[in-house]
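The structure file input_27.pdb is reproduced below (PDB, C-alpha atoms and all ligand atoms).
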```pdb
ATOM      1  CA  MET A   1       0.195  10.560  11.939
ATOM      2  CA  LYS A   2       2.864  10.599   9.235
ATOM      3  CA  THR A   3       2.796  13.542   6.849
ATOM      4  CA  ILE A   4       4.145  12.839   3.388
ATOM      5  CA  VAL A   5       4.748  15.758   1.033
ATOM      6  CA  VAL A   6       4.900  14.972  -2.690
ATOM      7  CA  SER A   7       6.983  17.626  -4.294
ATOM      8  CA  ASN A   8       9.170  18.722  -7.162
ATOM      9  CA  ARG A   9       9.542  22.234  -8.513
ATOM     10  CA  LYS A  10       9.633  20.776 -11.992
ATOM     11  CA  GLY A  11       6.197  20.772 -13.600
ATOM     12  CA  GLY A  12       4.614  17.634 -15.004
ATOM     13  CA  SER A  13       6.683  15.208 -12.927
ATOM     14  CA  ALA A  14       3.697  13.134 -11.714
ATOM     15  CA  LYS A  15       3.391  14.763  -8.277
ATOM     16  CA  THR A  16      -0.394  14.725  -8.433
ATOM     17  CA  THR A  17      -0.608  11.236  -9.944
ATOM     18  CA  THR A  18       1.641   9.999  -7.142
ATOM     19  CA  ALA A  19      -0.186  11.867  -4.347
ATOM     20  CA  VAL A  20      -3.602  10.599  -5.479
ATOM     21  CA  ASN A  21      -2.606   6.934  -5.868
ATOM     22  CA  LEU A  22      -0.498   6.889  -2.706
ATOM     23  CA  ALA A  23      -3.292   8.450  -0.634
ATOM     24  CA  THR A  24      -5.922   6.081  -2.023
ATOM     25  CA  GLU A  25      -3.778   2.989  -1.666
ATOM     26  CA  LEU A  26      -2.973   3.872   1.967
ATOM     27  CA  ALA A  27      -6.695   4.467   2.588
ATOM     28  CA  ARG A  28      -7.405   0.784   1.853
ATOM     29  CA  SER A  29      -6.191   0.067   5.397
ATOM     30  CA  SER A  30      -5.641   3.449   7.097
ATOM     31  CA  SER A  31      -7.344   6.766   7.654
ATOM     32  CA  VAL A  32      -5.904   9.340   5.248
ATOM     33  CA  LEU A  33      -6.159  13.096   4.648
ATOM     34  CA  LEU A  34      -5.223  14.313   1.140
ATOM     35  CA  ILE A  35      -4.414  18.013   0.985
ATOM     36  CA  ASP A  36      -4.579  19.540  -2.501
ATOM     37  CA  PHE A  37      -2.233  22.466  -2.036
ATOM     38  CA  ASP A  38      -1.888  23.219  -5.767
ATOM     39  CA  THR A  39      -4.538  25.715  -6.873
ATOM     40  CA  GLN A  40      -4.768  23.864 -10.212
ATOM     41  CA  GLY A  41      -6.944  21.447  -8.189
ATOM     42  CA  HIS A  42      -5.844  18.339 -10.075
ATOM     43  CA  ALA A  43      -5.552  16.122  -6.977
ATOM     44  CA  SER A  44      -9.157  17.033  -6.121
ATOM     45  CA  LEU A  45     -10.230  15.903  -9.614
ATOM     46  CA  GLY A  46      -8.261  12.695  -9.129
ATOM     47  CA  VAL A  47     -10.404  11.613  -6.173
ATOM     48  CA  GLY A  48     -13.767  12.538  -7.670
ATOM     49  CA  SER A  49     -14.091  16.143  -6.483
ATOM     50  CA  GLU A  50     -13.270  19.642  -7.682
ATOM     51  CA  ALA A  51     -11.355  22.669  -6.506
ATOM     52  CA  SER A  52     -13.608  24.969  -4.487
ATOM     53  CA  GLU A  53     -14.191  28.622  -5.433
ATOM     54  CA  THR A  54     -14.568  29.766  -1.851
ATOM     55  CA  ASN A  55     -13.678  27.184   0.754
ATOM     56  CA  GLY A  56     -10.637  25.143  -0.206
ATOM     57  CA  ILE A  57      -7.561  24.448   1.873
ATOM     58  CA  HIS A  58      -6.110  27.850   0.967
ATOM     59  CA  ALA A  59      -8.846  29.503   3.044
ATOM     60  CA  ILE A  60      -6.645  28.701   6.060
ATOM     61  CA  PHE A  61      -4.611  31.721   4.969
ATOM     62  CA  HIS A  62      -7.780  33.815   5.486
ATOM     63  CA  GLY A  63      -8.238  32.464   9.007
ATOM     64  CA  ARG A  64     -10.581  29.527   8.264
ATOM     65  CA  THR A  65      -9.966  26.169   9.930
ATOM     66  CA  LEU A  66      -8.589  23.190   8.064
ATOM     67  CA  CYS A  67     -11.477  20.953   9.191
ATOM     68  CA  GLU A  68     -14.040  23.281   7.547
ATOM     69  CA  THR A  69     -12.652  22.361   4.137
ATOM     70  CA  PHE A  70     -12.944  18.570   4.481
ATOM     71  CA  LEU A  71     -14.886  16.643   1.800
ATOM     72  CA  PRO A  72     -15.624  12.933   1.335
ATOM     73  CA  THR A  73     -14.048  11.168  -1.664
ATOM     74  CA  VAL A  74     -14.236   7.991  -3.724
ATOM     75  CA  HIS A  75     -12.951   6.053  -0.705
ATOM     76  CA  ASP A  76     -14.528   5.916   2.798
ATOM     77  CA  ARG A  77     -11.273   6.302   4.678
ATOM     78  CA  LEU A  78      -9.933   9.049   2.411
ATOM     79  CA  THR A  79     -10.776  12.677   3.254
ATOM     80  CA  LEU A  80      -9.968  15.545   0.886
ATOM     81  CA  ALA A  81      -9.008  19.115   1.690
ATOM     82  CA  PRO A  82      -9.602  20.474  -1.855
ATOM     83  CA  ALA A  83      -7.757  23.324  -3.503
ATOM     84  CA  MET A  84      -9.213  26.836  -3.598
ATOM     85  CA  ALA A  85      -9.002  27.569  -7.308
ATOM     86  CA  PHE A  86      -8.302  31.299  -7.374
ATOM     87  CA  PHE A  87      -6.110  31.750  -4.319
ATOM     88  CA  ASP A  88      -3.137  33.959  -5.217
ATOM     89  CA  VAL A  89      -0.225  33.232  -2.928
ATOM     90  CA  TYR A  90       1.636  36.340  -4.101
ATOM     91  CA  GLU A  91      -1.129  38.691  -2.938
ATOM     92  CA  HIS A  92      -0.321  37.862   0.647
ATOM     93  CA  GLY A  93       2.540  38.795   2.937
ATOM     94  CA  ASP A  94       4.357  36.371   5.195
ATOM     95  CA  LEU A  95       2.433  33.095   5.156
ATOM     96  CA  GLY A  96       4.955  31.031   7.116
ATOM     97  CA  GLY A  97       3.781  28.394   9.601
ATOM     98  CA  VAL A  98       0.026  28.648   8.878
ATOM     99  CA  LEU A  99      -0.472  24.966   8.008
ATOM    100  CA  ARG A 100       1.709  23.873  10.942
ATOM    101  CA  ARG A 101      -0.413  25.937  13.361
ATOM    102  CA  CYS A 102      -3.633  24.444  11.896
ATOM    103  CA  PHE A 103      -2.259  20.935  12.441
ATOM    104  CA  GLU A 104      -1.473  21.754  16.078
ATOM    105  CA  ARG A 105      -4.641  23.725  16.945
ATOM    106  CA  GLU A 106      -7.025  21.270  15.301
ATOM    107  CA  GLN A 107      -5.115  18.186  16.497
ATOM    108  CA  ILE A 108      -5.165  16.743  12.988
ATOM    109  CA  ALA A 109      -2.796  13.936  14.028
ATOM    110  CA  GLU A 110      -5.555  12.515  16.279
ATOM    111  CA  PHE A 111      -7.862  11.855  13.315
ATOM    112  CA  PHE A 112      -5.625  10.462  10.564
ATOM    113  CA  ASP A 113      -2.884   7.867  10.193
ATOM    114  CA  TYR A 114      -1.436   9.618   7.149
ATOM    115  CA  CYS A 115      -1.601  13.059   5.572
ATOM    116  CA  ILE A 116      -0.518  13.333   1.934
ATOM    117  CA  ILE A 117       0.134  16.802   0.515
ATOM    118  CA  ASP A 118       0.208  17.506  -3.235
ATOM    119  CA  THR A 119       2.211  20.661  -3.886
ATOM    120  CA  PRO A 120       2.504  23.175  -6.757
ATOM    121  CA  PRO A 121       5.573  23.198  -9.021
ATOM    122  CA  THR A 122       6.998  26.354  -7.439
ATOM    123  CA  LEU A 123       9.163  27.205  -4.458
ATOM    124  CA  ASP A 124       6.555  29.430  -2.880
ATOM    125  CA  ALA A 125       4.849  29.829   0.499
ATOM    126  CA  LEU A 126       2.626  26.814  -0.228
ATOM    127  CA  LEU A 127       5.598  24.508  -0.693
ATOM    128  CA  LYS A 128       7.298  26.045   2.349
ATOM    129  CA  ASN A 129       4.199  25.529   4.523
ATOM    130  CA  SER A 130       4.146  21.894   3.374
ATOM    131  CA  LEU A 131       7.805  21.262   4.138
ATOM    132  CA  GLU A 132       7.300  22.672   7.645
ATOM    133  CA  VAL A 133       5.008  19.734   8.493
ATOM    134  CA  ALA A 134       6.748  16.983   6.482
ATOM    135  CA  ASP A 135       7.870  13.744   8.094
ATOM    136  CA  ALA A 136       8.759  12.430   4.651
ATOM    137  CA  VAL A 137       9.159  14.005   1.212
ATOM    138  CA  VAL A 138       8.667  12.038  -1.988
ATOM    139  CA  ILE A 139      10.258  13.585  -5.077
ATOM    140  CA  PRO A 140       8.813  12.053  -8.261
ATOM    141  CA  PHE A 141      11.046  12.758 -11.244
ATOM    142  CA  VAL A 142      11.091  11.940 -14.944
ATOM    143  CA  PRO A 143      14.485  10.294 -15.539
ATOM    144  CA  HIS A 144      16.400  12.640 -17.796
ATOM    145  CA  HIS A 145      19.131  15.205 -17.173
ATOM    146  CA  LEU A 146      16.913  18.129 -16.140
ATOM    147  CA  GLY A 147      14.940  15.721 -13.969
ATOM    148  CA  THR A 148      18.058  14.867 -11.974
ATOM    149  CA  VAL A 149      18.961  18.564 -11.680
ATOM    150  CA  ALA A 150      15.484  19.270 -10.286
ATOM    151  CA  VAL A 151      15.875  16.490  -7.694
ATOM    152  CA  GLY A 152      19.059  18.189  -6.412
ATOM    153  CA  GLN A 153      17.268  21.548  -6.221
ATOM    154  CA  MET A 154      14.367  19.999  -4.342
ATOM    155  CA  LEU A 155      16.664  18.268  -1.842
ATOM    156  CA  ARG A 156      18.278  21.616  -1.181
ATOM    157  CA  ALA A 157      14.880  23.190  -0.460
ATOM    158  CA  VAL A 158      14.135  20.398   2.044
ATOM    159  CA  TYR A 159      17.479  20.932   3.827
ATOM    160  CA  GLN A 160      16.926  24.696   3.928
ATOM    161  CA  SER A 161      13.459  24.319   5.410
ATOM    162  CA  ALA A 162      14.676  21.960   8.137
ATOM    163  CA  SER A 163      17.586  24.174   9.076
ATOM    164  CA  LYS A 164      15.418  27.341   9.122
ATOM    165  CA  MET A 165      12.855  25.644  11.356
ATOM    166  CA  GLY A 166      15.482  23.914  13.509
ATOM    167  CA  ARG A 167      13.615  20.656  13.046
ATOM    168  CA  GLU A 168      14.682  17.146  12.135
ATOM    169  CA  LEU A 169      15.259  16.575   8.429
ATOM    170  CA  ALA A 170      12.365  14.854   6.655
ATOM    171  CA  ASP A 171      13.070  11.425   5.200
ATOM    172  CA  VAL A 172      13.531  12.126   1.493
ATOM    173  CA  GLY A 173      12.824   9.436  -1.117
ATOM    174  CA  ILE A 174      13.139   9.777  -4.886
ATOM    175  CA  LEU A 175      10.617   8.134  -7.210
ATOM    176  CA  PRO A 176      11.411   7.670 -10.925
ATOM    177  CA  VAL A 177       8.212   8.048 -12.966
ATOM    178  CA  MET A 178       7.265   7.388 -16.616
ATOM    179  CA  TYR A 179      10.332   5.138 -16.637
ATOM    180  CA  ASN A 180      11.164   2.992 -19.661
ATOM    181  CA  PRO A 181      13.967   0.471 -18.982
ATOM    182  CA  HIS A 182      14.712   0.246 -22.725
ATOM    183  CA  ILE A 183      15.691   3.902 -22.943
ATOM    184  CA  GLU A 184      19.374   4.340 -22.178
ATOM    185  CA  ALA A 185      18.951   7.949 -21.041
ATOM    186  CA  HIS A 186      16.495   6.744 -18.366
ATOM    187  CA  GLN A 187      18.982   4.183 -17.053
ATOM    188  CA  ASP A 188      21.746   6.831 -17.053
ATOM    189  CA  ALA A 189      19.547   9.249 -15.079
ATOM    190  CA  LEU A 190      18.811   6.596 -12.451
ATOM    191  CA  GLN A 191      22.524   5.865 -12.141
ATOM    192  CA  THR A 192      23.236   9.574 -11.692
ATOM    193  CA  VAL A 193      20.631   9.810  -8.911
ATOM    194  CA  ARG A 194      22.062   6.715  -7.173
ATOM    195  CA  THR A 195      25.590   8.107  -7.270
ATOM    196  CA  ARG A 196      24.691  11.667  -6.364
ATOM    197  CA  PHE A 197      22.008  11.199  -3.715
ATOM    198  CA  GLY A 198      22.454   7.573  -2.538
ATOM    199  CA  ALA A 199      20.871   4.317  -3.734
ATOM    200  CA  GLY A 200      18.958   4.051  -0.455
ATOM    201  CA  ARG A 201      16.797   7.042  -1.390
ATOM    202  CA  LEU A 202      15.557   5.531  -4.636
ATOM    203  CA  PHE A 203      12.166   3.799  -4.880
ATOM    204  CA  SER A 204      11.402   1.202  -7.581
ATOM    205  CA  PRO A 205      10.244   3.092 -10.688
ATOM    206  CA  ILE A 206       6.743   3.729 -12.017
ATOM    207  CA  GLY A 207       6.458   2.788 -15.691
ATOM    208  CA  ILE A 208       4.483   4.576 -18.393
ATOM    209  CA  ASP A 209       0.807   3.650 -18.255
ATOM    210  CA  ILE A 210      -1.883   5.575 -20.118
ATOM    211  CA  GLY A 211      -4.390   4.415 -17.469
ATOM    212  CA  LEU A 212      -2.649   6.750 -15.033
ATOM    213  CA  ALA A 213      -3.380   9.693 -17.320
ATOM    214  CA  ARG A 214      -6.980   8.599 -17.980
ATOM    215  CA  GLN A 215      -7.876   8.142 -14.317
ATOM    216  CA  PHE A 216      -8.429  11.907 -13.990
ATOM    217  CA  GLU A 217     -11.308  11.747 -16.489
ATOM    218  CA  GLU A 218     -13.117   9.265 -14.255
ATOM    219  CA  GLY A 219     -12.074  10.705 -10.887
ATOM    220  CA  VAL A 220     -11.077   7.215  -9.765
ATOM    221  CA  PRO A 221      -7.401   6.466  -9.045
ATOM    222  CA  VAL A 222      -6.005   3.345 -10.796
ATOM    223  CA  VAL A 223      -5.354   1.696  -7.421
ATOM    224  CA  LEU A 224      -9.149   1.524  -7.002
ATOM    225  CA  GLY A 225      -9.811   0.433 -10.585
ATOM    226  CA  GLU A 226     -11.388  -2.847 -11.556
ATOM    227  CA  LYS A 227      -8.733  -3.718 -14.070
ATOM    228  CA  ARG A 228      -5.247  -4.810 -13.047
ATOM    229  CA  SER A 229      -2.786  -2.510 -14.736
ATOM    230  CA  LYS A 230       0.904  -1.690 -14.758
ATOM    231  CA  GLY A 231       0.208   1.615 -13.032
ATOM    232  CA  LEU A 232      -1.741  -0.088 -10.259
ATOM    233  CA  ARG A 233       1.017  -2.667  -9.707
ATOM    234  CA  ASP A 234       3.769  -0.016  -9.679
ATOM    235  CA  TYR A 235       1.947   2.338  -7.270
ATOM    236  CA  ARG A 236       1.115  -0.592  -4.919
ATOM    237  CA  ARG A 237       4.759  -1.597  -4.823
ATOM    238  CA  PHE A 238       5.819   2.013  -4.219
ATOM    239  CA  THR A 239       3.304   2.393  -1.365
ATOM    240  CA  GLU A 240       4.646  -0.782   0.280
ATOM    241  CA  GLU A 241       8.215   0.434  -0.063
ATOM    242  CA  LEU A 242       7.292   3.794   1.449
ATOM    243  CA  ARG A 243       5.375   2.203   4.305
ATOM    244  CA  ALA A 244       8.335  -0.070   5.095
ATOM    245  CA  ARG A 245      10.537   2.991   5.106
ATOM    246  CA  ILE A 246       8.564   5.366   7.294
ATOM    247  CA  GLY A 247       6.283   3.028   9.278
TER
HETATM  248  N1  LIG B 301       3.352   6.848 -15.192
HETATM  249  C1  LIG B 301       2.668   7.606 -16.059
HETATM  250  N2  LIG B 301       2.394   7.155 -17.306
HETATM  251  C2  LIG B 301       1.723   7.930 -18.199
HETATM  252  N3  LIG B 301       1.292   9.178 -17.939
HETATM  253  C3  LIG B 301       1.535   9.678 -16.710
HETATM  254  C4  LIG B 301       2.229   8.931 -15.715
HETATM  255  N4  LIG B 301       2.326   9.686 -14.596
HETATM  256  C5  LIG B 301       1.729  10.850 -14.892
HETATM  257  N5  LIG B 301       1.257  10.869 -16.144
HETATM  258  C6  LIG B 301       0.581  11.983 -16.847
HETATM  259  O1  LIG B 301       1.559  13.019 -16.971
HETATM  260  C7  LIG B 301       0.972  14.306 -16.786
HETATM  261  C8  LIG B 301       1.644  15.024 -15.598
HETATM  262  O2  LIG B 301       1.339  14.293 -14.411
HETATM  263  P1  LIG B 301       0.871  15.052 -13.074
HETATM  264  O3  LIG B 301      -0.229  16.011 -13.363
HETATM  265  O4  LIG B 301       0.665  14.024 -12.048
HETATM  266  O5  LIG B 301       2.221  15.858 -12.803
HETATM  267  P2  LIG B 301       2.460  17.062 -11.770
HETATM  268  O6  LIG B 301       3.899  17.001 -11.380
HETATM  269  O7  LIG B 301       1.458  17.009 -10.692
HETATM  270  O8  LIG B 301       2.189  18.316 -12.697
HETATM  271  P3  LIG B 301       2.134  19.854 -12.180
HETATM  272  O9  LIG B 301       3.567  20.289 -12.047
HETATM  273  O10 LIG B 301       1.387  20.567 -13.286
HETATM  274  O11 LIG B 301       1.411  19.858 -10.874
HETATM  275  C9  LIG B 301      -0.510  14.070 -16.549
HETATM  276  O12 LIG B 301      -1.184  14.199 -17.770
HETATM  277  C10 LIG B 301      -0.541  12.633 -16.048
HETATM  278  O13 LIG B 301      -1.790  12.029 -16.296
HETATM  279 MG    MG B 302       0.199  18.492  -9.975
END
```
Could you quickly redo this structure as structure tokens?
Ligand SMILES: Nc1ncnc2c1ncn2[C@@H]1O[C@H](COP(=O)(O)OP(=O)(O)OP(=O)(O)O)[C@@H](O)[C@H]1O
Ligand SMILES: [Mg+2]
Amino acid sequence: MKTIVVSNRKGGSAKTTTAVNLATELARSSSVLLIDFDTQGHASLGVGSEASETNGIHAIFHGRTLCETFLPTVHDRLTLAPAMAFFDVYEHGDLGGVLRRCFEREQIAEFFDYCIIDTPPTLDALLKNSLEVADAVVIPFVPHHLGTVAVGQMLRAVYQSASKMGRELADVGILPVMYNPHIEAHQDALQTVRTRFGAGRLFSPIGIDIGLARQFEEGVPVVLGEKRSKGLRDYRRFTEELRARIG
């Protein structure tokens, strides 16, 4: 099983949109677990479900098993571990390693080819738990100056997690989102990311597509939609690029 964490501390950078479409696209040929680790529960909405009041993924911090939270979704091969809406990470003490221990104890890798984790826009215990199990990290970013700054901050968090855990560094890829090739500032931001973090880390961009925003109303990701759209084409290409990269 490959675990792919979709993360950026910057809010509104299409983490959830990316996690939902990536997970669903992979599920067309593989068995996939989508973990909605953001208590906003938006990834759950994206695959036709809702955050739970009592038994979401965050119940693992109260001693529940990960498997207990599993729900079916809009796709047969896609399983959801939904968010628990009112979990307050700051009410708890040291939460390190809880997700990693669940993965090991419940032998999650035996049941899925991929695990995709959608994370909250904060450097908190939820993000840290996610990074502890990451084989790859995808950082979606809106291409402007603060977007590039956030990518640097996120890369630093990934390095810190690996060095603290004494584990191999996750493969980090950077995904430009809501990209418009006619906007000079967008091109400049991509050039900055290439120079600063290496062209090899950069995925082909996702353009602006209102269908990607509307998919949450229907609970059906665009990659499952009837209509061919720019968003569908871009997320398919991204999924292929990621698969080629991590296997
Ligand atoms: N390529 C796109 N084109 C148009 N709208 C998009 C695109 N990608 C995402 N959006 C919209 O932008 C908003 C933010 O996206 P999303 O919720 O995926 O970001 P996020 O990083 O998960 O946010 P948060 O930090 O709150 O978790 C949403 O309304 C989403 O529908
Ligand atoms: Mg989100």
What are the closest atom pairs, with distances in Å to one decimal, for each residue of chain A lying within 9 Å of ligand LIG 301 (chain B), using all atoms listed in the file, rows by chain and rising residue number, as a tab-separated table?
```
residue	atom	partner	partner_atom	distance
A:Val6	CA	B:LIG301	O7	8.9
A:Ser7	CA	B:LIG301	O6	7.8
A:Asn8	CA	B:LIG301	O6	7.0
A:Arg9	CA	B:LIG301	O9	7.2
A:Lys10	CA	B:LIG301	O9	6.1
A:Gly11	CA	B:LIG301	O9	3.1
A:Gly12	CA	B:LIG301	O8	3.4
A:Ser13	CA	B:LIG301	O6	3.7
A:Ala14	CA	B:LIG301	O4	3.2
A:Lys15	CA	B:LIG301	O7	3.8
A:Thr16	CA	B:LIG301	O7	3.7
A:Thr17	CA	B:LIG301	O4	3.7
A:Thr18	CA	B:LIG301	O4	6.4
A:Ala19	CA	B:LIG301	O4	8.0
A:Val20	CA	B:LIG301	O4	8.5
A:Asp38	CA	B:LIG301	O11	6.9
A:Gln40	CA	B:LIG301	O11	7.4
A:Gly41	CA	B:LIG301	O11	8.9
A:His42	CA	B:LIG301	O3	6.9
A:Ala43	CA	B:LIG301	O7	8.0
A:Asp118	CA	B:LIG301	O7	7.6
A:Thr119	CA	B:LIG301	O11	7.1
A:Pro120	CA	B:LIG301	O11	5.4
A:Pro121	CA	B:LIG301	O9	4.7
A:Thr122	CA	B:LIG301	O9	8.4
A:Pro140	CA	B:LIG301	O6	7.6
A:Phe141	CA	B:LIG301	O6	8.3
A:Val177	CA	B:LIG301	N1	5.5
A:Met178	CA	B:LIG301	N1	4.2
A:Tyr179	CA	B:LIG301	N1	7.3
A:Ile206	CA	B:LIG301	N1	5.6
A:Gly207	CA	B:LIG301	N1	5.1
A:Ile208	CA	B:LIG301	N2	3.5
A:Asp209	CA	B:LIG301	N2	4.0
A:Ile210	CA	B:LIG301	C2	4.7
A:Gly211	CA	B:LIG301	C2	7.1
A:Leu212	CA	B:LIG301	C3	5.4
A:Ala213	CA	B:LIG301	O13	3.0
A:Arg214	CA	B:LIG301	O13	6.4
A:Gln215	CA	B:LIG301	O13	7.5
A:Phe216	CA	B:LIG301	O13	7.0
A:Lys230	CA	B:LIG301	N1	8.9
A:Gly231	CA	B:LIG301	N1	6.5
A:Asp234	CA	B:LIG301	N1	8.8
```
Hits of the PyMOL selection byres (((chain A and resi 96-103) around 8) and not hetatm) in this structure, as an MDAnalysis selection string: chainID A and resid 60:61 65:66 94:95 104:109 125 128:130 132:133
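Between atom CA of A:Leu224 and atom CA of A:Leu33 lies a distance of 16.7 Å.
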Residues matched by the PyMOL selection byres (((chain A and resi 50) around 10) and not hetatm), written as a VMD selection string: chain A and resid 40 to 49 51 to 53 56 82 to 85 219
Determine, counting only C-alpha atoms, which protein, DNA and RNA residues have an atom within 9 Å of an atom of A:Arg237; residues of the same chain fewer than 5 positions away are not included. Present the result as a PDB file with C-alpha atoms, in the coordinates of the input.
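Written out: selection.pdb:
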```pdb
ATOM      1  CA  SER A 204      11.402   1.202  -7.581  1.00  0.00           C
ATOM      2  CA  LEU A 232      -1.741  -0.088 -10.259  1.00  0.00           C
ATOM      3  CA  LEU A 242       7.292   3.794   1.449  1.00  0.00           C
TER       4      LEU A 242
END
```
Hits of the PyMOL selection byres (((chain A and resi 144) around 6) and not hetatm) in this structure, as a PyMOL selection string: chain A and resi 143+145-147+186+189
Polymer residues at most 7 Å from A:Ala81, only C-alpha atoms, same-chain spacing of 2 or more positions, as a ChimeraX atom specification: /A:34-36,56-57,69-71,79,83
Two-atom distance - atom CA of A:Ile116, atom CA of A:Ile4 (Å):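 Atom CA of A:Ile4 lies 4.9 Å from atom CA of A:Ile116.
Counting from atom CA of A:Gly247, the distance to atom CA of A:Arg228 is 26.3 Å.
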Expected answer as a PyMOL selection string: all residues with atoms within 9 Å of (-11.4, 8.3, -1.7), all atoms listed in the file: chain A and resi 20+23-24+27+32+47-48+72-80+220-221+224
Proximity to ligand MG 302 (chain B) - best of A:Ser229, A:Thr39, A:Thr192, A:Ser161, only C-alpha atoms and all ligand atoms: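 Nearest candidate to ligand MG 302 (chain B) out of A:Ser229, A:Thr39, A:Thr192, A:Ser161: A:Thr39.
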Ref. answer, residues at most 12 Å from (5.9, 37.9, -5.5) with all atoms listed in the file, as a list of chain:residue names: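 Using all atoms listed in the file, the matching residues come out as A:Asp88, A:Val89, A:Tyr90, A:Glu91, A:His92, A:Gly93, A:Asp94, A:Thr122, A:Leu123, A:Asp124, A:Ala125.
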Nearest-residue call for ligand MG 302 (chain B), choices A:Tyr159, A:Phe37, A:Phe203, A:Phe111, using only C-alpha atoms and all ligand atoms: A:Phe37
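For the residues A:Gly225, A:Gly173, A:Gly200, A:Pro181, ranking by smallest atom-to-atom distance to A:Val137 using all atoms listed in the file places A:Gly173 first.
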Can you rebuild stretch 3-20 of chain A with N, CA and C atoms and give it as a CSV table (one decimal), in the frame of the given file?
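Below you can see selection.csv, which holds the result:
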```csv
chain,number,residue,atom,x,y,z
A,3,THR,N,3.1,12.6,7.9
A,3,THR,CA,2.8,13.5,6.8
A,3,THR,C,3.8,13.4,5.7
A,4,ILE,N,3.3,13.1,4.5
A,4,ILE,CA,4.1,12.8,3.4
A,4,ILE,C,3.9,13.9,2.3
A,5,VAL,N,4.9,14.7,2.0
A,5,VAL,CA,4.7,15.8,1.0
A,5,VAL,C,5.3,15.3,-0.3
A,6,VAL,N,4.5,15.4,-1.4
A,6,VAL,CA,4.9,15.0,-2.7
A,6,VAL,C,5.3,16.2,-3.5
A,7,SER,N,6.5,16.3,-3.8
A,7,SER,CA,7.0,17.6,-4.3
A,7,SER,C,8.1,17.6,-5.3
A,8,ASN,N,8.1,18.5,-6.2
A,8,ASN,CA,9.2,18.7,-7.2
A,8,ASN,C,8.8,20.0,-7.8
A,9,ARG,N,9.8,20.9,-7.9
A,9,ARG,CA,9.5,22.2,-8.5
A,9,ARG,C,9.3,22.1,-10.0
A,10,LYS,N,9.8,21.0,-10.6
A,10,LYS,CA,9.6,20.8,-12.0
A,10,LYS,C,8.2,20.4,-12.3
A,11,GLY,N,7.6,21.1,-13.3
A,11,GLY,CA,6.2,20.8,-13.6
A,11,GLY,C,6.1,19.4,-14.3
A,12,GLY,N,4.9,18.8,-14.2
A,12,GLY,CA,4.6,17.6,-15.0
A,12,GLY,C,5.4,16.4,-14.6
A,13,SER,N,5.8,16.3,-13.4
A,13,SER,CA,6.7,15.2,-12.9
A,13,SER,C,5.9,14.2,-12.1
A,14,ALA,N,4.6,14.1,-12.3
A,14,ALA,CA,3.7,13.1,-11.7
A,14,ALA,C,3.5,13.3,-10.2
A,15,LYS,N,3.7,14.5,-9.7
A,15,LYS,CA,3.4,14.8,-8.3
A,15,LYS,C,2.0,14.4,-7.9
A,16,THR,N,1.0,14.9,-8.7
A,16,THR,CA,-0.4,14.7,-8.4
A,16,THR,C,-0.8,13.3,-8.6
A,17,THR,N,-0.3,12.7,-9.7
A,17,THR,CA,-0.6,11.2,-9.9
A,17,THR,C,-0.1,10.4,-8.8
A,18,THR,N,1.1,10.7,-8.3
A,18,THR,CA,1.6,10.0,-7.1
A,18,THR,C,0.9,10.3,-5.9
A,19,ALA,N,0.5,11.5,-5.6
A,19,ALA,CA,-0.2,11.9,-4.3
A,19,ALA,C,-1.5,11.2,-4.3
A,20,VAL,N,-2.3,11.2,-5.4
A,20,VAL,CA,-3.6,10.6,-5.5
A,20,VAL,C,-3.6,9.1,-5.3
```
